[in-house]
Amino acid sequence: MGRLKTFIRRQIVRGATVAADPIAAATTGADRWSPSLKVAQVELATRWRAGAAAAERHDLRDVGFRVFSQFEEDGLLLYIFSVIGARSRTFVDIGSSDGINSNCANLAINHGWDGVFIDANPIALAHGREFYAKHPDTWAWPPRFVEGFVRRDTVNELIASGGISGEVDLVSFDIDGNDYWIWDALEVVSPRVVIIETHIEFGTHNIVVPYDPDYVYPGRHPDYHGASPVAMAALAERLGYRLVGANLYGFNTIHVRHGEGEEMLPAVSPESILAHPRNAERYKRFAAIEDWPYVRGGSGFPGEPVRPISRE
């Protein structure tokens, strides 16, 4: 198992392009969809499926790797879907930018998934649309790209306009602000797995920045946005999901629907995903905004702010 993961990482590194423009690097690193990398991933997924059938469980902290994702989310998601199976092989990526350096790109390019990328940046979407339309693995049926500013009152319409509804395997949220509130408003699709960005600067406080339909980062303060991992886990539980892990730094949290792979992917606590030493420095940033208005996580609606949170 260790040798196979090492091989995957070598394939990724061998095709990496050093460039000032990360988008240019993404479009020229052809080894990220090379046959050898595809075969390695298929073999790894097959081993994980066989292991799951024999009740062989892996810690999520040991299975991550990066192909297209920003951190090691590609490996985490491949492991999860190896364990619970992929049904629709469909994704929705909300806040996708161009959809290339995305949590869903590896699934689309190297595993044949279908889906929709949603973002408010028309230039990024145009770039992604061209990339997938010309890519040898996606040109015949590329994912859809939908332009729109994601709010609670627009998210469902935007997804539906991309031709997707009902159960999907994966929804990825990365909109740098209202992620919590947008997940709460999601109705047109029912994801089996959700990967969503949280704000680790809030530490273990159960807090969410109040909903602002017009929010654009950095807003009033670059650290005053989003929800803590504790708050996101509380919302997830209310919606029928459990926290199963996160990326190395703890801010991209992964939630699996209850009833899906419970024994192989047990629930973990928000505190357990915040162990990286980087986070101790990040927590210090909260002091500047600790007395600002917040909403308690799990409330499920924009609600009235509560303060001061720092005295919880």
# chains A, B, ... in the order shown; residues from 1 in each chain; ligands from 1

$ residues_around --residues "Trp141 (chain A)" --least-positions-apart "6" --cutoff "12 Å" --atoms "only C-alpha atoms" --output "ChimeraX atom specification"
/A:108-109,112-116,129,132-135

$ write_last_selection --atoms "N, CA and C atoms" --output "PDB file, in the first residue's frame"
ATOM      1  N   ALA A 108     -13.435  14.058 -12.211  1.00  0.00           N
ATOM      2  CA  ALA A 108     -13.926  14.294 -13.562  1.00  0.00           C
ATOM      3  C   ALA A 108     -12.947  13.782 -14.612  1.00  0.00           C
ATOM      4  N   ILE A 109     -11.676  14.085 -14.438  1.00  0.00           N
ATOM      5  CA  ILE A 109     -10.679  13.803 -15.480  1.00  0.00           C
ATOM      6  C   ILE A 109     -10.163  12.369 -15.407  1.00  0.00           C
ATOM      7  N   GLY A 112     -13.874   9.774 -14.698  1.00  0.00           N
ATOM      8  CA  GLY A 112     -15.047   9.825 -15.554  1.00  0.00           C
ATOM      9  C   GLY A 112     -16.321  10.341 -14.921  1.00  0.00           C
ATOM     10  N   TRP A 113     -16.207  11.140 -13.847  1.00  0.00           N
ATOM     11  CA  TRP A 113     -17.402  11.678 -13.213  1.00  0.00           C
ATOM     12  C   TRP A 113     -17.980  12.827 -14.037  1.00  0.00           C
ATOM     13  N   ASP A 114     -19.268  13.044 -13.847  1.00  0.00           N
ATOM     14  CA  ASP A 114     -19.990  14.154 -14.479  1.00  0.00           C
ATOM     15  C   ASP A 114     -20.312  15.180 -13.402  1.00  0.00           C
ATOM     16  N   GLY A 115     -20.549  16.427 -13.810  1.00  0.00           N
ATOM     17  CA  GLY A 115     -20.899  17.408 -12.789  1.00  0.00           C
ATOM     18  C   GLY A 115     -21.017  18.811 -13.316  1.00  0.00           C
ATOM     19  N   VAL A 116     -21.131  19.730 -12.372  1.00  0.00           N
ATOM     20  CA  VAL A 116     -21.295  21.143 -12.692  1.00  0.00           C
ATOM     21  C   VAL A 116     -20.389  21.971 -11.797  1.00  0.00           C
ATOM     22  N   ARG A 129     -14.074  26.114 -18.993  1.00  0.00           N
ATOM     23  CA  ARG A 129     -14.910  25.558 -20.063  1.00  0.00           C
ATOM     24  C   ARG A 129     -14.050  25.141 -21.256  1.00  0.00           C
ATOM     25  N   TYR A 132     -11.814  21.901 -20.326  1.00  0.00           N
ATOM     26  CA  TYR A 132     -12.518  20.619 -20.333  1.00  0.00           C
ATOM     27  C   TYR A 132     -13.046  20.272 -21.724  1.00  0.00           C
ATOM     28  N   ALA A 133     -13.393  21.277 -22.523  1.00  0.00           N
ATOM     29  CA  ALA A 133     -13.873  21.016 -23.880  1.00  0.00           C
ATOM     30  C   ALA A 133     -12.773  20.467 -24.772  1.00  0.00           C
ATOM     31  N   LYS A 134     -11.516  20.781 -24.460  1.00  0.00           N
ATOM     32  CA  LYS A 134     -10.396  20.325 -25.273  1.00  0.00           C
ATOM     33  C   LYS A 134      -9.666  19.136 -24.669  1.00  0.00           C
ATOM     34  N   HIS A 135      -9.964  18.829 -23.417  1.00  0.00           N
ATOM     35  CA  HIS A 135      -9.218  17.777 -22.745  1.00  0.00           C
ATOM     36  C   HIS A 135      -9.542  16.409 -23.349  1.00  0.00           C
TER      37      HIS A 135
END

$ residues_around --residues "Glu72 (chain A)" --least-positions-apart "3" --cutoff "10 Å" --atoms "only C-alpha atoms" --output "list in words"
Arg61, Val63, Gly64, Phe65, Arg66, Val67, Phe68, Ser69, Gly75, Leu76, Leu77, Asn103, Ala246, Asn247 and Leu248 of chain A

$ closest_atom_pairs --of "region 211-263 of chain A" --to "region 165-172 of chain A" --cutoff "10 Å" --atoms "only C-alpha atoms" --output "tab-separated table"
residue	atom	partner	partner_atom	distance
A:Asn252	CA	A:Ser172	CA	9.6
A:Ile254	CA	A:Ser172	CA	9.3
A:Val256	CA	A:Leu170	CA	9.5

$ residues_around --residues "region 205-221 of chain A" --least-positions-apart "3" --cutoff "10 Å" --atoms "only C-alpha atoms" --output "ChimeraX atom specification"
/A:149-153,175-182,198-202,224-234,288-289,292-299,301-307,309-312

$ closest_residue --among "A:Ala126, A:Ile80, A:Ala86, A:Leu107" --to "Glu147 (chain A)" --atoms "only C-alpha atoms"
A:Ala126

$ residues_around --residues "His58 (chain A)" --least-positions-apart "2" --cutoff "9 Å" --atoms "only C-alpha atoms" --output "number ranges by chain"
A: 48, 52, 56, 60-63, 79, 264-265

$ residues_around --residues "Asn156 (chain A)" --least-positions-apart "3" --cutoff "7 Å" --atoms "only C-alpha atoms" --output "compact mmCIF listing (two decimals) with N, CA and C atoms, in the first residue's frame"
# COMPACT_ATOMS: atom_id res chain seq x y z
N ILE A 159 -27.74 25.39 -9.54
CA ILE A 159 -27.43 23.96 -9.71
C ILE A 159 -28.36 23.34 -10.74
N ALA A 160 -29.64 23.62 -10.63
CA ALA A 160 -30.62 23.05 -11.56
C ALA A 160 -30.34 23.48 -12.99
N LEU A 186 -29.44 24.29 0.75
CA LEU A 186 -29.39 23.35 -0.38
C LEU A 186 -30.59 22.40 -0.36
N GLU A 187 -31.30 22.35 -1.49
CA GLU A 187 -32.48 21.49 -1.58
C GLU A 187 -32.54 20.69 -2.88
N VAL A 188 -32.05 21.25 -3.98
CA VAL A 188 -32.25 20.63 -5.29
C VAL A 188 -31.44 19.35 -5.45

$ residues_around --residues "His258 (chain A)" --least-positions-apart "5" --cutoff "8 Å" --atoms "only C-alpha atoms" --output "list in words"
Gly240, Tyr241 and Arg242 of chain A

$ write_last_selection --atoms "N, CA and C atoms" --output "PDB file, in the first residue's frame"
ATOM      1  N   GLY A 240     -28.200  15.582   8.803  1.00  0.00           N
ATOM      2  CA  GLY A 240     -28.105  14.140   8.615  1.00  0.00           C
ATOM      3  C   GLY A 240     -26.747  13.625   8.191  1.00  0.00           C
ATOM      4  N   TYR A 241     -25.684  14.340   8.551  1.00  0.00           N
ATOM      5  CA  TYR A 241     -24.330  13.964   8.173  1.00  0.00           C
ATOM      6  C   TYR A 241     -23.434  13.916   9.406  1.00  0.00           C
ATOM      7  N   ARG A 242     -22.328  13.215   9.291  1.00  0.00           N
ATOM      8  CA  ARG A 242     -21.334  13.152  10.358  1.00  0.00           C
ATOM      9  C   ARG A 242     -19.985  13.609   9.820  1.00  0.00           C
TER      10      ARG A 242
END

$ atom_distance --atom1 "CA of His276 (chain A)" --atom2 "CA of Gly203 (chain A)"
12.0 Å

$ residues_around --residues "Glu130 (chain A)" --least-positions-apart "6" --cutoff "10 Å" --atoms "only C-alpha atoms" --output "PDB file with N, CA and C atoms, in the first residue's frame"
ATOM      1  N   ASP A  98     -12.087  28.036 -11.943  1.00  0.00           N
ATOM      2  CA  ASP A  98     -12.106  27.453 -13.281  1.00  0.00           C
ATOM      3  C   ASP A  98     -12.333  25.943 -13.286  1.00  0.00           C
ATOM      4  N   TRP A 139     -13.646  15.882 -23.517  1.00  0.00           N
ATOM      5  CA  TRP A 139     -14.174  16.686 -24.620  1.00  0.00           C
ATOM      6  C   TRP A 139     -15.529  16.184 -25.123  1.00  0.00           C
ATOM      7  N   PRO A 142     -18.124  17.225 -21.562  1.00  0.00           N
ATOM      8  CA  PRO A 142     -17.482  17.998 -20.497  1.00  0.00           C
ATOM      9  C   PRO A 142     -18.465  18.377 -19.400  1.00  0.00           C
TER      10      PRO A 142
END

$ atom_distance --atom1 "CA of Ser161 (chain A)" --atom2 "CA of Val193 (chain A)"
21.3 Å

$ select_by_dssp --residues "region 253-300 of chain A" --states "strand (DSSP E or B)" --output "ChimeraX atom specification"
/A:253-257,294-296

$ write_last_selection --atoms "C-alpha atoms" --output "PDB file, in the first residue's frame"
ATOM      1  CA  THR A 253     -13.944  19.281   6.492  1.00  0.00           C
ATOM      2  CA  ILE A 254     -15.555  16.152   5.053  1.00  0.00           C
ATOM      3  CA  HIS A 255     -19.006  14.947   6.041  1.00  0.00           C
ATOM      4  CA  VAL A 256     -20.671  11.671   5.043  1.00  0.00           C
ATOM      5  CA  ARG A 257     -24.404  11.035   5.173  1.00  0.00           C
ATOM      6  CA  TYR A 294     -21.859  35.710  15.709  1.00  0.00           C
ATOM      7  CA  VAL A 295     -24.566  33.102  15.338  1.00  0.00           C
ATOM      8  CA  ARG A 296     -24.436  29.836  17.220  1.00  0.00           C
TER       9      ARG A 296
END

$ closest_residue --among "A:Leu235, A:Ala280, A:Ile84, A:Ile100" --to "Ala53 (chain A)" --atoms "only C-alpha atoms"
A:Ile84

$ select_by_dssp --residues "region 142-221 of chain A" --states "alpha helix (DSSP H)" --output "PDB file with N, CA and C atoms, in the first residue's frame"
ATOM      1  N   VAL A 155     -28.820  29.431  -4.975  1.00  0.00           N
ATOM      2  CA  VAL A 155     -28.002  28.233  -5.109  1.00  0.00           C
ATOM      3  C   VAL A 155     -28.752  27.099  -5.800  1.00  0.00           C
ATOM      4  N   ASN A 156     -29.995  26.868  -5.458  1.00  0.00           N
ATOM      5  CA  ASN A 156     -30.722  25.742  -6.035  1.00  0.00           C
ATOM      6  C   ASN A 156     -31.021  25.954  -7.518  1.00  0.00           C
ATOM      7  N   GLU A 157     -31.354  27.174  -7.872  1.00  0.00           N
ATOM      8  CA  GLU A 157     -31.615  27.489  -9.276  1.00  0.00           C
ATOM      9  C   GLU A 157     -30.339  27.346 -10.109  1.00  0.00           C
ATOM     10  N   LEU A 158     -29.209  27.779  -9.557  1.00  0.00           N
ATOM     11  CA  LEU A 158     -27.952  27.683 -10.289  1.00  0.00           C
ATOM     12  C   LEU A 158     -27.577  26.220 -10.546  1.00  0.00           C
ATOM     13  N   ILE A 159     -27.738  25.386  -9.535  1.00  0.00           N
ATOM     14  CA  ILE A 159     -27.429  23.962  -9.712  1.00  0.00           C
ATOM     15  C   ILE A 159     -28.357  23.336 -10.736  1.00  0.00           C
ATOM     16  N   ALA A 160     -29.637  23.617 -10.625  1.00  0.00           N
ATOM     17  CA  ALA A 160     -30.617  23.049 -11.562  1.00  0.00           C
ATOM     18  C   ALA A 160     -30.338  23.477 -12.993  1.00  0.00           C
ATOM     19  N   SER A 161     -29.848  24.702 -13.161  1.00  0.00           N
ATOM     20  CA  SER A 161     -29.553  25.177 -14.510  1.00  0.00           C
ATOM     21  C   SER A 161     -28.395  24.411 -15.142  1.00  0.00           C
ATOM     22  N   ASP A 179     -20.434  29.706   3.187  1.00  0.00           N
ATOM     23  CA  ASP A 179     -20.529  28.269   2.936  1.00  0.00           C
ATOM     24  C   ASP A 179     -21.566  27.591   3.833  1.00  0.00           C
ATOM     25  N   TYR A 180     -21.513  27.906   5.127  1.00  0.00           N
ATOM     26  CA  TYR A 180     -22.444  27.308   6.091  1.00  0.00           C
ATOM     27  C   TYR A 180     -23.891  27.577   5.684  1.00  0.00           C
ATOM     28  N   TRP A 181     -24.186  28.837   5.372  1.00  0.00           N
ATOM     29  CA  TRP A 181     -25.563  29.235   5.070  1.00  0.00           C
ATOM     30  C   TRP A 181     -26.044  28.673   3.730  1.00  0.00           C
ATOM     31  N   ILE A 182     -25.126  28.508   2.804  1.00  0.00           N
ATOM     32  CA  ILE A 182     -25.512  27.958   1.511  1.00  0.00           C
ATOM     33  C   ILE A 182     -25.803  26.463   1.629  1.00  0.00           C
ATOM     34  N   TRP A 183     -24.981  25.741   2.393  1.00  0.00           N
ATOM     35  CA  TRP A 183     -25.290  24.325   2.597  1.00  0.00           C
ATOM     36  C   TRP A 183     -26.659  24.177   3.263  1.00  0.00           C
ATOM     37  N   ASP A 184     -26.935  25.014   4.235  1.00  0.00           N
ATOM     38  CA  ASP A 184     -28.223  24.945   4.918  1.00  0.00           C
ATOM     39  C   ASP A 184     -29.396  25.161   3.958  1.00  0.00           C
ATOM     40  N   ALA A 185     -29.194  25.942   2.897  1.00  0.00           N
ATOM     41  CA  ALA A 185     -30.263  26.249   1.950  1.00  0.00           C
ATOM     42  C   ALA A 185     -30.354  25.240   0.811  1.00  0.00           C
TER      43      ALA A 185
END

$ closest_residue --among "A:Asn106, A:Gly99, A:Asp137, A:Glu197" --to "Ala124 (chain A)" --atoms "only C-alpha atoms"
A:Gly99
